[in-house]
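A quick write-up on the structure given underneath.
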Amino acid sequence: LLMLIAMPSFVVADLATRSECQSVVVALTLADYLLAIIFISLIILETVADNQQWKFQQEKTRRRKNGDIDMSKSASDDYAAGFCRSGLFAMLRKPNYSCEQSIW
């Protein structure tokens with residue numbers, strides 16, 4: 001399966017090493033720059049979402065150990081509800097996964 005996934009890269013690498021392709025130079029276009037910016041932006045957003053989730057889980061664990069979570073406030077308290085609803089998570093349920101899937 002991994003070989004099948006990597007096969008297009010092997011084909012391109014093989015074609016690029018052929019002598020008839022050595023003299024061809026293709027300049028980057030506006031689309032290349034835009035896609036690079038989108039790609040980098042998605043990686044940054046995924047990283048921010050992962051860090052928000054990490055901090056939330058750390059705080060939730062700390063509060064559970066100390067008994068600071070009031071389960072009757074689950075409608076208004078993220079920690080009582082058990083999942084993050086602030087930051088990027090206020091806009092999407094799973095922003096880190098959404099960004100990862102958008103990259104692919």
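Labels used: A, B, ... for chains in the order of the structure tokens, numbers from 1 for residues in each chain, and numbers from 1 for ligands as shown.
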Worksheet item: What residues in stretch 1-68 of chain A get the DSSP label helix (DSSP H, G or I)? Please answer as JSON, numbers by chain.
Response: {"A": [2, 3, 4, 5, 6, 7, 8, 9, 10, 11, 12, 13, 14, 15, 16, 19, 20, 21, 30, 31, 32, 33, 34, 35, 36, 37, 38, 39, 40, 41, 42, 43, 44, 45, 46, 47, 48, 49, 50, 51, 52, 53, 54, 55, 56, 57, 58, 59, 60, 61, 62, 63, 64, 65, 66]}
Discussion item. Report as number ranges by chain all protein, DNA and RNA residues lying within 10 Å of A:Glu100, evaluated on only C-alpha atoms, omitting residues in the same chain fewer than 3 positions from it.
Written reply: A: 39, 42-43, 45-47, 95-97, 103-104
Worksheet item: How many Å separate atom CA of A:Arg64 from atom CA of A:Ala81?
Response: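 Separation of atom CA of A:Arg64 and atom CA of A:Ala81: 12.1 Å.
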Discussion item. I'd like the contact shell of A:Ala90 - 12 Å cut-off, only C-alpha atoms, skipping same-chain residues fewer than 3 positions apart - returned as a ChimeraX atom specification.
Written reply: /A:49,52-53,78,83-87,93-95
Generate the output file for the selected residues, N, CA and C atoms, as a PDB file, in the first residue's frame.
ATOM      1  N   ALA A  49      -4.246  24.626  16.493  1.00  0.00           N
ATOM      2  CA  ALA A  49      -5.354  23.824  17.020  1.00  0.00           C
ATOM      3  C   ALA A  49      -4.844  22.689  17.907  1.00  0.00           C
ATOM      4  N   GLN A  52      -3.879  24.260  21.217  1.00  0.00           N
ATOM      5  CA  GLN A  52      -5.068  24.604  22.004  1.00  0.00           C
ATOM      6  C   GLN A  52      -5.668  23.353  22.641  1.00  0.00           C
ATOM      7  N   GLN A  53      -5.752  22.282  21.892  1.00  0.00           N
ATOM      8  CA  GLN A  53      -6.296  21.033  22.413  1.00  0.00           C
ATOM      9  C   GLN A  53      -5.403  20.470  23.520  1.00  0.00           C
ATOM     10  N   ASP A  78     -16.572  24.478  29.453  1.00  0.00           N
ATOM     11  CA  ASP A  78     -15.932  23.533  28.532  1.00  0.00           C
ATOM     12  C   ASP A  78     -15.369  22.322  29.259  1.00  0.00           C
ATOM     13  N   PHE A  83     -15.104  18.818  26.330  1.00  0.00           N
ATOM     14  CA  PHE A  83     -14.417  19.124  25.079  1.00  0.00           C
ATOM     15  C   PHE A  83     -14.300  20.631  24.892  1.00  0.00           C
ATOM     16  N   CYS A  84     -13.276  21.002  24.158  1.00  0.00           N
ATOM     17  CA  CYS A  84     -12.928  22.407  23.950  1.00  0.00           C
ATOM     18  C   CYS A  84     -13.934  23.063  22.998  1.00  0.00           C
ATOM     19  N   ARG A  85     -14.434  24.228  23.396  1.00  0.00           N
ATOM     20  CA  ARG A  85     -15.365  24.975  22.545  1.00  0.00           C
ATOM     21  C   ARG A  85     -14.923  26.425  22.373  1.00  0.00           C
ATOM     22  N   SER A  86     -13.636  26.700  22.580  1.00  0.00           N
ATOM     23  CA  SER A  86     -13.124  28.063  22.425  1.00  0.00           C
ATOM     24  C   SER A  86     -11.969  28.053  21.428  1.00  0.00           C
ATOM     25  N   GLY A  87     -11.536  29.240  21.038  1.00  0.00           N
ATOM     26  CA  GLY A  87     -10.442  29.346  20.060  1.00  0.00           C
ATOM     27  C   GLY A  87     -10.888  28.835  18.692  1.00  0.00           C
ATOM     28  N   ARG A  93     -15.508  21.793  14.859  1.00  0.00           N
ATOM     29  CA  ARG A  93     -15.454  20.785  15.922  1.00  0.00           C
ATOM     30  C   ARG A  93     -14.048  20.209  16.050  1.00  0.00           C
ATOM     31  N   LYS A  94     -13.390  19.942  14.955  1.00  0.00           N
ATOM     32  CA  LYS A  94     -12.035  19.377  14.938  1.00  0.00           C
ATOM     33  C   LYS A  94     -11.173  20.142  13.928  1.00  0.00           C
ATOM     34  N   PRO A  95     -10.723  21.343  14.273  1.00  0.00           N
ATOM     35  CA  PRO A  95      -9.954  22.125  13.295  1.00  0.00           C
ATOM     36  C   PRO A  95      -8.622  21.487  12.926  1.00  0.00           C
TER      37      PRO A  95
END
Practice prompt. Can you pull out every residue within 9 Å of A:Tyr79, counting only C-alpha atoms, but drop anything in the same chain fewer than 3 positions away, and send it as a PyMOL selection string?
Written response: chain A and resi 56-57+59-60+63-64+69-71+74+82-84
Worksheet item: Could you work out how far atom CA of A:Leu35 lies from atom CA of A:Ser98, giving the answer in Å with one decimal?
Response: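 We find that atom CA of A:Ser98 and atom CA of A:Leu35 lie 16.9 Å from each other.
The nearest approach to A:Ile44 among the residues A:Val24, A:Ser19, A:Ala13, A:Cys99, with only C-alpha atoms taken into account, belongs to A:Cys99.
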Worksheet entry | Atomic distance atom CA of A:Ile40 - atom CA of A:Pro8, expressed in Å with one decimal |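 Separation of atom CA of A:Ile40 and atom CA of A:Pro8: 22.4 Å.
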